[in-house]
Amino acid sequence: MIHLLRLEWLKIRRARFTYVLLFLLLLTVAGYFFYIDTKETKLHEAEAYVLSNVETSMGFVESTTEEIEQNGGTDPNLEEVLVNAERQYEAFFLMNEGLEKKDWSLYWQGELLNNSWQEESKEEQLKEVLKSYLWPTPFTVFTMMDKMRWMEKRSIQPIFPTSSHTWRTLYDEQFDDPIAEEIVTSSSGVYSSSGFYFVYHLFNYGFGFFGLFFVLFFFADILTKEGLDGNGPIQLLRTQPISRMKFWISKAVASMGGSILLIGFTATISLVLGSMFNRLGDWNYPILIYGPERTYSFLTLTSFLGKSLILFSLVLALSFTCLFLFSILANRTLLGIGLTVVFLVIGQLLTDQSMLLNWSHWLPFHYINVYPIVDGTYAVQYENENYTYLQAILSLSLSTGILLAMTYLAGRLKKGVKV
Amino acid sequence: MIIDVQGLKKRYKEQEVLKNITFQIDEPKIVALVGPNGSGKTTMMNCLMNLLPFQEGEVTILGKNHKDPTLFYEVSYLQDNRVLYGDLTGEDHLKFICNVQKLPVKKAKETAEAIGMAHYVKKRVRSYSLGMKQHLLLAMAVLNNPKLVLLDEPINGLDPTSAIHMRNILMDLYTKGTTVIISSHNLDEIDKMTNTIYFMKDGEILEESLADLNIPHYSLTVSDTAKAMEHFTLAGLPVGLEHGDLTFSETSYPLQTAIDICNQNGIQIHQIENRKIGAEKRYMELFESELKP
């Protein structure tokens, strides 16, 4: 088996195609990294923002105190304004201290204090209206506050900006203020070129069609080079003391192992770029996971990536099986790739039509874009709680098994071919 | 028994491409498969090597069922050069075979040198000429010192130097006790190296011709045929008569003996003709109808 794997590795290493694709990958990752880097709010910008707020809020506290003294301290509204102003001042003061000392727990304490009024008011709103679609929904406020608590507890460096206007969830469907809508829309896509966060952001595309097609192109030619039906090198392997089972297992291991290595390589490059030009970032940054009935939880960024990788591996297994089947049927690698891509794209396009079917969650095409499955947004968007992570694993595994059986049969039934 | 094929039949849908092939090889020899395109040579080799399934018959190689993958520790099959990986080097191919065959890797280098491909073995196969590819295939086939080698048209398209080199390597294998089964359209080369020829047509073995195809058969035109016959008989030398000429085979006695008998008895030799049959002549006889325009 090890010899066959070594052969597959040699085929990859010796092919010029490999280096061209790796170069393109590096170029894309680096280009995207520097694009993200230019969009990121830098630390000094955050410091300036907080400092100006410290000064503004301090001024507001002073002017309100003066006003209360001038009125003889009899206006209860002004007293309330002062309480709020003092709280805001205290919050920005803490945030400023946190920034100066690089004490991120302190920073988050300030941010939590600054937004605590929202939580209180939403608690009230929640008592009156069970579900709201107006930004910020109670769901949005509670998840934001819990996310801040998570960051505070673990002393995680923020990705700026951190104000409440940078946080929206799937349930925020309407805005009562167009200005607020504009601000939230533009600032809720928070970017960071720090290593771990960039990996997370990059694989939002990587663990989907874009990454899938790239991996297919990367390995397809090498893995089907033997010419499953022709007089290609498959005949050489068949005239060696190698069992067919070992041959197929080595193909599966090489394609899956190679894909994981390629993903690992991309992640490493991203981490290196992040570390060199920004910082490594926090591995335990919280990722919001939507649950049924407006429940939620958080996963560490690395756990989220791990779960995504497992699911994407199953998507890859399904795609490679498709590729093997189509390359047997079509006799040509390129045609096999084309048919695989068409099959997956059409399958994905037809998923919308299949939504009404009560067994649609068994169709594997729903799960090609991995992130929305892992974080639960797909189930929320389509209001179908069957689209779970576990269901995705089952559906993809089952489909791959069926396709494997079809591939075996296709090889057997085809004239003169022994697979 | 090196190879035992009994009643091998292969069909593609309704078309029977191998019709009840039966033959045995029980001692090391060089066997040629000769026949026009589509006669079933490659199909038969592929069936023997379990690359193609067949409907009827039994194939036993070196005492094992032909489906036994361990057979390939002792048997090699050299197919056309499409089996090579263009991006890999010759050395990569040889080392891979060494690893799979559980041979020491140094054998790759030794074999490359023995075959005469040491100076290009580290280059990518994509850059090889046809002859270089054929030599690589041969090197891969002989790495494991096989007891049986099957070669599908290894000489076709080779320049004379490469062809001679290839022939010498095969002859060397044979002298070391390896049985070689070769399919080729190069009848001249076949004449020079084979012991047995299987003439094939339409999926059948028409004829198994032994090496005497290559043994010279002489025809002597002499001044007095009756007198010559008498002296040859007196000397105990078997001789035939065809169209007034004396005929004999070199397996009986050398040409010089016949010349001496004639000279000693005052018989003039007008013409000596070598009537060696040869693969080409026999091929022309067997496939006469196909040669007509």
# chains A, B, ... in the order shown; residues from 1 in each chain; ligands from 1
>>> residues_around(residues="Ala112 in chain B", least_positions_apart="6", cutoff="10 Å", atoms="only C-alpha atoms", output="PyMOL selection string")
chain B and resi 90-91+94+118-121+135-136+138-140+143
>>> select_by_dssp(residues="range 141-369 of chain A", states="strand (DSSP E or B)", output="compact mmCIF listing (two decimals) with N, CA and C atoms, in the first residue's frame")
# COMPACT_ATOMS: atom_id res chain seq x y z
N GLN A 174 -35.59 43.70 9.59
CA GLN A 174 -36.03 45.08 9.32
C GLN A 174 -35.27 46.06 10.21
N PRO A 286 -15.03 33.32 19.45
CA PRO A 286 -16.33 32.63 19.43
C PRO A 286 -17.06 32.75 18.09
N ILE A 287 -17.62 31.63 17.66
CA ILE A 287 -18.45 31.62 16.44
C ILE A 287 -19.88 31.26 16.86
N LEU A 288 -20.81 32.09 16.44
CA LEU A 288 -22.21 31.88 16.82
C LEU A 288 -22.81 30.70 16.07
N ILE A 289 -23.45 29.81 16.83
CA ILE A 289 -24.13 28.65 16.23
C ILE A 289 -25.63 28.80 16.49
N TYR A 290 -26.40 28.85 15.42
CA TYR A 290 -27.85 28.97 15.56
C TYR A 290 -28.45 27.60 15.91
N TYR A 296 -29.20 29.29 20.84
CA TYR A 296 -27.88 29.50 20.24
C TYR A 296 -26.79 29.01 21.19
N SER A 297 -25.62 28.88 20.61
CA SER A 297 -24.44 28.52 21.41
C SER A 297 -23.23 29.10 20.69
N PHE A 298 -22.08 28.93 21.29
CA PHE A 298 -20.85 29.40 20.65
C PHE A 298 -19.86 28.25 20.54
N LEU A 299 -19.09 28.29 19.48
CA LEU A 299 -18.02 27.32 19.30
C LEU A 299 -16.72 28.09 19.15
N THR A 300 -15.63 27.51 19.64
CA THR A 300 -14.36 28.19 19.38
C THR A 300 -14.09 28.13 17.88
>>> select_by_dssp(residues="range 90-168 of chain B", states="helix (DSSP H, G or I)", output="PDB file with N, CA, C and O atoms, in the first residue's frame")
ATOM      1  N   GLY B  90      12.285   7.504 -15.760  1.00  0.00           N
ATOM      2  CA  GLY B  90      12.481   6.071 -15.911  1.00  0.00           C
ATOM      3  C   GLY B  90      12.838   5.448 -14.569  1.00  0.00           C
ATOM      4  O   GLY B  90      12.367   4.364 -14.213  1.00  0.00           O
ATOM      5  N   GLU B  91      13.658   6.166 -13.817  1.00  0.00           N
ATOM      6  CA  GLU B  91      14.085   5.686 -12.504  1.00  0.00           C
ATOM      7  C   GLU B  91      12.883   5.520 -11.566  1.00  0.00           C
ATOM      8  O   GLU B  91      12.809   4.539 -10.817  1.00  0.00           O
ATOM      9  N   ASP B  92      11.951   6.475 -11.617  1.00  0.00           N
ATOM     10  CA  ASP B  92      10.740   6.375 -10.780  1.00  0.00           C
ATOM     11  C   ASP B  92       9.995   5.073 -11.089  1.00  0.00           C
ATOM     12  O   ASP B  92       9.537   4.375 -10.175  1.00  0.00           O
ATOM     13  N   HIS B  93       9.872   4.785 -12.387  1.00  0.00           N
ATOM     14  CA  HIS B  93       9.165   3.562 -12.792  1.00  0.00           C
ATOM     15  C   HIS B  93       9.883   2.322 -12.268  1.00  0.00           C
ATOM     16  O   HIS B  93       9.261   1.423 -11.706  1.00  0.00           O
ATOM     17  N   LEU B  94      11.192   2.303 -12.455  1.00  0.00           N
ATOM     18  CA  LEU B  94      11.958   1.115 -12.052  1.00  0.00           C
ATOM     19  C   LEU B  94      11.922   0.927 -10.535  1.00  0.00           C
ATOM     20  O   LEU B  94      11.769  -0.189 -10.031  1.00  0.00           O
ATOM     21  N   LYS B  95      12.048   2.036  -9.810  1.00  0.00           N
ATOM     22  CA  LYS B  95      12.026   1.942  -8.341  1.00  0.00           C
ATOM     23  C   LYS B  95      10.653   1.481  -7.852  1.00  0.00           C
ATOM     24  O   LYS B  95      10.559   0.715  -6.888  1.00  0.00           O
ATOM     25  N   PHE B  96       9.616   1.971  -8.519  1.00  0.00           N
ATOM     26  CA  PHE B  96       8.260   1.544  -8.141  1.00  0.00           C
ATOM     27  C   PHE B  96       8.114   0.026  -8.310  1.00  0.00           C
ATOM     28  O   PHE B  96       7.611  -0.666  -7.415  1.00  0.00           O
ATOM     29  N   ILE B  97       8.590  -0.477  -9.445  1.00  0.00           N
ATOM     30  CA  ILE B  97       8.495  -1.928  -9.687  1.00  0.00           C
ATOM     31  C   ILE B  97       9.321  -2.677  -8.631  1.00  0.00           C
ATOM     32  O   ILE B  97       8.884  -3.696  -8.090  1.00  0.00           O
ATOM     33  N   CYS B  98      10.518  -2.157  -8.328  1.00  0.00           N
ATOM     34  CA  CYS B  98      11.357  -2.796  -7.293  1.00  0.00           C
ATOM     35  C   CYS B  98      10.597  -2.880  -5.975  1.00  0.00           C
ATOM     36  O   CYS B  98      10.595  -3.919  -5.313  1.00  0.00           O
ATOM     37  N   ASN B  99       9.961  -1.771  -5.595  1.00  0.00           N
ATOM     38  CA  ASN B  99       9.230  -1.741  -4.328  1.00  0.00           C
ATOM     39  C   ASN B  99       8.070  -2.723  -4.321  1.00  0.00           C
ATOM     40  O   ASN B  99       7.874  -3.465  -3.359  1.00  0.00           O
ATOM     41  N   VAL B 100       7.320  -2.719  -5.396  1.00  0.00           N
ATOM     42  CA  VAL B 100       6.143  -3.597  -5.474  1.00  0.00           C
ATOM     43  C   VAL B 100       6.575  -5.064  -5.518  1.00  0.00           C
ATOM     44  O   VAL B 100       5.918  -5.930  -4.933  1.00  0.00           O
ATOM     45  N   LYS B 106      18.491  -1.043  -5.404  1.00  0.00           N
ATOM     46  CA  LYS B 106      19.709  -0.949  -6.228  1.00  0.00           C
ATOM     47  C   LYS B 106      19.556  -1.734  -7.536  1.00  0.00           C
ATOM     48  O   LYS B 106      20.248  -1.489  -8.512  1.00  0.00           O
ATOM     49  N   LYS B 107      18.611  -2.670  -7.530  1.00  0.00           N
ATOM     50  CA  LYS B 107      18.364  -3.463  -8.742  1.00  0.00           C
ATOM     51  C   LYS B 107      17.891  -2.560  -9.887  1.00  0.00           C
ATOM     52  O   LYS B 107      18.143  -2.860 -11.057  1.00  0.00           O
ATOM     53  N   ALA B 108      17.237  -1.464  -9.543  1.00  0.00           N
ATOM     54  CA  ALA B 108      16.754  -0.530 -10.571  1.00  0.00           C
ATOM     55  C   ALA B 108      17.944   0.035 -11.340  1.00  0.00           C
ATOM     56  O   ALA B 108      17.942   0.067 -12.572  1.00  0.00           O
ATOM     57  N   LYS B 109      18.955   0.442 -10.584  1.00  0.00           N
ATOM     58  CA  LYS B 109      20.137   1.036 -11.215  1.00  0.00           C
ATOM     59  C   LYS B 109      20.891  -0.014 -12.041  1.00  0.00           C
ATOM     60  O   LYS B 109      21.294   0.241 -13.182  1.00  0.00           O
ATOM     61  N   GLU B 110      21.020  -1.197 -11.443  1.00  0.00           N
ATOM     62  CA  GLU B 110      21.744  -2.276 -12.142  1.00  0.00           C
ATOM     63  C   GLU B 110      21.061  -2.626 -13.469  1.00  0.00           C
ATOM     64  O   GLU B 110      21.719  -2.768 -14.503  1.00  0.00           O
ATOM     65  N   THR B 111      19.744  -2.742 -13.404  1.00  0.00           N
ATOM     66  CA  THR B 111      19.002  -3.120 -14.616  1.00  0.00           C
ATOM     67  C   THR B 111      19.089  -2.024 -15.666  1.00  0.00           C
ATOM     68  O   THR B 111      19.250  -2.304 -16.859  1.00  0.00           O
ATOM     69  N   ALA B 112      18.971  -0.765 -15.211  1.00  0.00           N
ATOM     70  CA  ALA B 112      19.065   0.355 -16.163  1.00  0.00           C
ATOM     71  C   ALA B 112      20.412   0.312 -16.876  1.00  0.00           C
ATOM     72  O   ALA B 112      20.493   0.537 -18.092  1.00  0.00           O
ATOM     73  N   GLU B 113      21.461   0.004 -16.132  1.00  0.00           N
ATOM     74  CA  GLU B 113      22.789  -0.078 -16.744  1.00  0.00           C
ATOM     75  C   GLU B 113      22.872  -1.256 -17.704  1.00  0.00           C
ATOM     76  O   GLU B 113      23.409  -1.153 -18.803  1.00  0.00           O
ATOM     77  N   ALA B 114      22.314  -2.390 -17.274  1.00  0.00           N
ATOM     78  CA  ALA B 114      22.373  -3.595 -18.115  1.00  0.00           C
ATOM     79  C   ALA B 114      21.609  -3.402 -19.424  1.00  0.00           C
ATOM     80  O   ALA B 114      22.030  -3.891 -20.479  1.00  0.00           O
ATOM     81  N   ILE B 115      20.523  -2.667 -19.357  1.00  0.00           N
ATOM     82  CA  ILE B 115      19.707  -2.441 -20.561  1.00  0.00           C
ATOM     83  C   ILE B 115      20.308  -1.320 -21.413  1.00  0.00           C
ATOM     84  O   ILE B 115      19.967  -1.143 -22.566  1.00  0.00           O
ATOM     85  N   VAL B 125       9.832  10.560 -18.668  1.00  0.00           N
ATOM     86  CA  VAL B 125       9.477   9.651 -19.763  1.00  0.00           C
ATOM     87  C   VAL B 125       8.908  10.421 -20.954  1.00  0.00           C
ATOM     88  O   VAL B 125       9.094  10.036 -22.104  1.00  0.00           O
ATOM     89  N   ARG B 126       8.268  11.559 -20.654  1.00  0.00           N
ATOM     90  CA  ARG B 126       7.684  12.385 -21.721  1.00  0.00           C
ATOM     91  C   ARG B 126       8.724  12.746 -22.790  1.00  0.00           C
ATOM     92  O   ARG B 126       8.396  12.896 -23.960  1.00  0.00           O
ATOM     93  N   SER B 127       9.988  12.865 -22.360  1.00  0.00           N
ATOM     94  CA  SER B 127      11.029  13.287 -23.311  1.00  0.00           C
ATOM     95  C   SER B 127      11.675  12.099 -24.036  1.00  0.00           C
ATOM     96  O   SER B 127      12.584  12.299 -24.838  1.00  0.00           O
ATOM     97  N   LEU B 130      10.738   6.640 -28.908  1.00  0.00           N
ATOM     98  CA  LEU B 130      10.033   5.356 -28.866  1.00  0.00           C
ATOM     99  C   LEU B 130      10.960   4.236 -28.375  1.00  0.00           C
ATOM    100  O   LEU B 130      10.580   3.422 -27.522  1.00  0.00           O
ATOM    101  N   GLY B 131      12.185   4.237 -28.917  1.00  0.00           N
ATOM    102  CA  GLY B 131      13.136   3.194 -28.529  1.00  0.00           C
ATOM    103  C   GLY B 131      13.457   3.245 -27.042  1.00  0.00           C
ATOM    104  O   GLY B 131      13.539   2.211 -26.370  1.00  0.00           O
ATOM    105  N   MET B 132      13.617   4.464 -26.524  1.00  0.00           N
ATOM    106  CA  MET B 132      13.920   4.619 -25.088  1.00  0.00           C
ATOM    107  C   MET B 132      12.757   4.092 -24.241  1.00  0.00           C
ATOM    108  O   MET B 132      12.959   3.434 -23.216  1.00  0.00           O
ATOM    109  N   LYS B 133      11.547   4.386 -24.698  1.00  0.00           N
ATOM    110  CA  LYS B 133      10.373   3.901 -23.949  1.00  0.00           C
ATOM    111  C   LYS B 133      10.319   2.375 -23.971  1.00  0.00           C
ATOM    112  O   LYS B 133      10.026   1.738 -22.941  1.00  0.00           O
ATOM    113  N   GLN B 134      10.620   1.790 -25.131  1.00  0.00           N
ATOM    114  CA  GLN B 134      10.582   0.332 -25.235  1.00  0.00           C
ATOM    115  C   GLN B 134      11.636  -0.302 -24.329  1.00  0.00           C
ATOM    116  O   GLN B 134      11.396  -1.328 -23.702  1.00  0.00           O
ATOM    117  N   HIS B 135      12.795   0.350 -24.268  1.00  0.00           N
ATOM    118  CA  HIS B 135      13.852  -0.174 -23.385  1.00  0.00           C
ATOM    119  C   HIS B 135      13.455  -0.062 -21.921  1.00  0.00           C
ATOM    120  O   HIS B 135      13.742  -0.947 -21.123  1.00  0.00           O
ATOM    121  N   LEU B 136      12.786   1.043 -21.585  1.00  0.00           N
ATOM    122  CA  LEU B 136      12.321   1.192 -20.201  1.00  0.00           C
ATOM    123  C   LEU B 136      11.311   0.091 -19.870  1.00  0.00           C
ATOM    124  O   LEU B 136      11.390  -0.535 -18.803  1.00  0.00           O
ATOM    125  N   LEU B 137      10.390  -0.137 -20.794  1.00  0.00           N
ATOM    126  CA  LEU B 137       9.390  -1.188 -20.569  1.00  0.00           C
ATOM    127  C   LEU B 137      10.065  -2.540 -20.397  1.00  0.00           C
ATOM    128  O   LEU B 137       9.680  -3.338 -19.521  1.00  0.00           O
ATOM    129  N   LEU B 138      11.077  -2.773 -21.215  1.00  0.00           N
ATOM    130  CA  LEU B 138      11.781  -4.054 -21.119  1.00  0.00           C
ATOM    131  C   LEU B 138      12.516  -4.153 -19.776  1.00  0.00           C
ATOM    132  O   LEU B 138      12.493  -5.203 -19.117  1.00  0.00           O
ATOM    133  N   ALA B 139      13.129  -3.043 -19.375  1.00  0.00           N
ATOM    134  CA  ALA B 139      13.828  -3.037 -18.082  1.00  0.00           C
ATOM    135  C   ALA B 139      12.848  -3.341 -16.950  1.00  0.00           C
ATOM    136  O   ALA B 139      13.151  -4.107 -16.026  1.00  0.00           O
ATOM    137  N   MET B 140      11.675  -2.746 -17.047  1.00  0.00           N
ATOM    138  CA  MET B 140      10.651  -2.992 -16.024  1.00  0.00           C
ATOM    139  C   MET B 140      10.216  -4.459 -16.034  1.00  0.00           C
ATOM    140  O   MET B 140       9.920  -5.041 -14.989  1.00  0.00           O
ATOM    141  N   ALA B 141      10.185  -5.035 -17.241  1.00  0.00           N
ATOM    142  CA  ALA B 141       9.724  -6.423 -17.362  1.00  0.00           C
ATOM    143  C   ALA B 141      10.754  -7.426 -16.843  1.00  0.00           C
ATOM    144  O   ALA B 141      10.379  -8.503 -16.376  1.00  0.00           O
ATOM    145  N   VAL B 142      12.021  -7.081 -16.930  1.00  0.00           N
ATOM    146  CA  VAL B 142      13.048  -8.073 -16.548  1.00  0.00           C
ATOM    147  C   VAL B 142      13.587  -7.853 -15.142  1.00  0.00           C
ATOM    148  O   VAL B 142      14.383  -8.659 -14.652  1.00  0.00           O
ATOM    149  N   PRO B 160      17.032   0.107 -36.302  1.00  0.00           N
ATOM    150  CA  PRO B 160      17.769  -1.169 -36.314  1.00  0.00           C
ATOM    151  C   PRO B 160      18.643  -1.379 -35.070  1.00  0.00           C
ATOM    152  O   PRO B 160      18.685  -2.479 -34.519  1.00  0.00           O
ATOM    153  N   THR B 161      19.294  -0.316 -34.594  1.00  0.00           N
ATOM    154  CA  THR B 161      20.175  -0.464 -33.424  1.00  0.00           C
ATOM    155  C   THR B 161      19.366  -0.900 -32.204  1.00  0.00           C
ATOM    156  O   THR B 161      19.743  -1.843 -31.489  1.00  0.00           O
ATOM    157  N   SER B 162      18.262  -0.215 -31.999  1.00  0.00           N
ATOM    158  CA  SER B 162      17.421  -0.549 -30.847  1.00  0.00           C
ATOM    159  C   SER B 162      16.848  -1.953 -30.982  1.00  0.00           C
ATOM    160  O   SER B 162      16.739  -2.692 -29.997  1.00  0.00           O
ATOM    161  N   ALA B 163      16.457  -2.308 -32.217  1.00  0.00           N
ATOM    162  CA  ALA B 163      15.862  -3.629 -32.438  1.00  0.00           C
ATOM    163  C   ALA B 163      16.878  -4.733 -32.137  1.00  0.00           C
ATOM    164  O   ALA B 163      16.545  -5.742 -31.492  1.00  0.00           O
ATOM    165  N   ILE B 164      18.112  -4.522 -32.596  1.00  0.00           N
ATOM    166  CA  ILE B 164      19.158  -5.533 -32.349  1.00  0.00           C
ATOM    167  C   ILE B 164      19.419  -5.640 -30.843  1.00  0.00           C
ATOM    168  O   ILE B 164      19.535  -6.731 -30.286  1.00  0.00           O
ATOM    169  N   HIS B 165      19.485  -4.478 -30.196  1.00  0.00           N
ATOM    170  CA  HIS B 165      19.717  -4.445 -28.751  1.00  0.00           C
ATOM    171  C   HIS B 165      18.602  -5.196 -28.012  1.00  0.00           C
ATOM    172  O   HIS B 165      18.854  -6.016 -27.129  1.00  0.00           O
ATOM    173  N   MET B 166      17.386  -4.915 -28.434  1.00  0.00           N
ATOM    174  CA  MET B 166      16.226  -5.561 -27.826  1.00  0.00           C
ATOM    175  C   MET B 166      16.298  -7.076 -28.021  1.00  0.00           C
ATOM    176  O   MET B 166      16.065  -7.857 -27.100  1.00  0.00           O
ATOM    177  N   ARG B 167      16.639  -7.489 -29.246  1.00  0.00           N
ATOM    178  CA  ARG B 167      16.724  -8.922 -29.544  1.00  0.00           C
ATOM    179  C   ARG B 167      17.788  -9.598 -28.673  1.00  0.00           C
ATOM    180  O   ARG B 167      17.564 -10.669 -28.111  1.00  0.00           O
ATOM    181  N   ASN B 168      18.932  -8.935 -28.544  1.00  0.00           N
ATOM    182  CA  ASN B 168      20.009  -9.517 -27.727  1.00  0.00           C
ATOM    183  C   ASN B 168      19.580  -9.695 -26.275  1.00  0.00           C
ATOM    184  O   ASN B 168      19.908 -10.699 -25.636  1.00  0.00           O
TER     185      ASN B 168
END
>>> closest_atom_pairs(of="chain B", to="chain A", cutoff="6 Å", atoms="only C-alpha atoms", output="JSON lines")
{"residue": "B:Leu52", "atom": "CA", "partner": "A:Gly416", "partner_atom": "CA", "distance": 5.9}
{"residue": "B:Pro69", "atom": "CA", "partner": "A:Pro241", "partner_atom": "CA", "distance": 4.9}
{"residue": "B:Thr70", "atom": "CA", "partner": "A:Pro241", "partner_atom": "CA", "distance": 5.2}
{"residue": "B:Phe72", "atom": "CA", "partner": "A:Pro241", "partner_atom": "CA", "distance": 5.1}
{"residue": "B:Arg82", "atom": "CA", "partner": "A:Gly232", "partner_atom": "CA", "distance": 5.3}
{"residue": "B:Val83", "atom": "CA", "partner": "A:Pro233", "partner_atom": "CA", "distance": 3.8}
{"residue": "B:Leu84", "atom": "CA", "partner": "A:Pro233", "partner_atom": "CA", "distance": 5.7}
{"residue": "B:Asp87", "atom": "CA", "partner": "A:Arg14", "partner_atom": "CA", "distance": 5.8}
>>> write_last_selection(atoms="C-alpha atoms", output="PDB file, in the first residue's frame")
ATOM      1  CA  LEU B  52      -9.568  -9.089 -19.798  1.00  0.00           C
ATOM      2  CA  PRO B  69      -1.948 -11.682  -8.362  1.00  0.00           C
ATOM      3  CA  THR B  70       1.128 -13.299  -6.798  1.00  0.00           C
ATOM      4  CA  PHE B  72       3.264 -11.315 -11.164  1.00  0.00           C
ATOM      5  CA  ARG B  82       0.892   4.068 -23.047  1.00  0.00           C
ATOM      6  CA  VAL B  83       1.217   2.329 -19.693  1.00  0.00           C
ATOM      7  CA  LEU B  84       4.057   4.693 -18.752  1.00  0.00           C
ATOM      8  CA  ASP B  87       5.706  13.012 -15.878  1.00  0.00           C
TER       9      ASP B  87
END
>>> closest_residue(among="B:Gly40, B:Glu14, B:Asp4, B:Thr60", to="Ser183 in chain B", atoms="only C-alpha atoms")
B:Gly40
>>> decode(residues="range 171-229 of chain B", atoms="C-alpha atoms", output="compact mmCIF listing (two decimals), in the first residue's frame")
# COMPACT_ATOMS: atom_id res chain seq x y z
CA MET B 171 17.98 -13.92 -26.30
CA ASP B 172 19.95 -13.41 -23.11
CA LEU B 173 16.79 -13.85 -21.05
CA TYR B 174 16.00 -17.05 -22.91
CA THR B 175 19.46 -18.49 -22.35
CA LYS B 176 18.99 -17.83 -18.63
CA GLY B 177 15.87 -19.98 -18.64
CA THR B 178 13.07 -17.44 -19.17
CA THR B 179 10.21 -18.27 -21.50
CA VAL B 180 9.40 -15.37 -23.78
CA ILE B 181 6.09 -14.96 -25.60
CA ILE B 182 6.29 -12.16 -28.12
CA SER B 183 3.83 -10.71 -30.57
CA SER B 184 5.27 -8.84 -33.48
CA HIS B 185 4.79 -7.91 -37.10
CA ASN B 186 8.55 -7.89 -37.68
CA LEU B 187 8.91 -11.33 -39.22
CA ASP B 188 12.59 -10.94 -39.91
CA GLU B 189 13.33 -10.37 -36.23
CA ILE B 190 11.06 -13.25 -35.31
CA ASP B 191 13.04 -15.51 -37.61
CA LYS B 192 16.18 -14.54 -35.81
CA MET B 193 15.08 -15.27 -32.28
CA THR B 194 12.11 -17.58 -31.91
CA ASN B 195 11.84 -21.33 -31.41
CA THR B 196 8.14 -21.58 -32.07
CA ILE B 197 5.66 -19.48 -33.99
CA TYR B 198 1.91 -19.49 -33.44
CA PHE B 199 0.23 -18.18 -36.57
CA MET B 200 -3.07 -16.61 -35.58
CA LYS B 201 -6.06 -15.57 -37.62
CA ASP B 202 -9.59 -14.58 -36.57
CA GLY B 203 -9.05 -15.61 -32.96
CA GLU B 204 -7.59 -19.03 -33.72
CA ILE B 205 -4.15 -20.55 -33.75
CA LEU B 206 -3.90 -21.74 -37.35
CA GLU B 207 -0.57 -23.44 -37.02
CA GLU B 208 2.21 -24.04 -34.57
CA SER B 209 5.45 -23.91 -36.55
CA LEU B 210 8.61 -25.00 -34.92
CA ALA B 211 12.08 -23.65 -35.44
CA ASP B 212 12.67 -25.66 -38.64
CA LEU B 213 11.19 -22.75 -40.49
CA ASN B 214 14.54 -21.16 -40.03
CA ILE B 215 16.72 -24.11 -40.84
CA PRO B 216 18.16 -23.89 -44.35
CA HIS B 217 16.67 -26.27 -46.91
CA TYR B 218 18.95 -26.48 -49.95
CA SER B 219 18.17 -27.23 -53.55
CA LEU B 220 21.08 -28.26 -55.84
CA THR B 221 20.85 -28.18 -59.64
CA VAL B 222 23.55 -30.58 -60.88
CA SER B 223 24.85 -31.87 -64.24
CA ASP B 224 23.81 -35.51 -63.59
CA THR B 225 20.99 -35.92 -61.11
CA ALA B 226 20.82 -39.76 -61.24
CA LYS B 227 24.55 -40.14 -60.62
CA ALA B 228 24.43 -37.66 -57.78
CA MET B 229 21.48 -39.50 -56.20
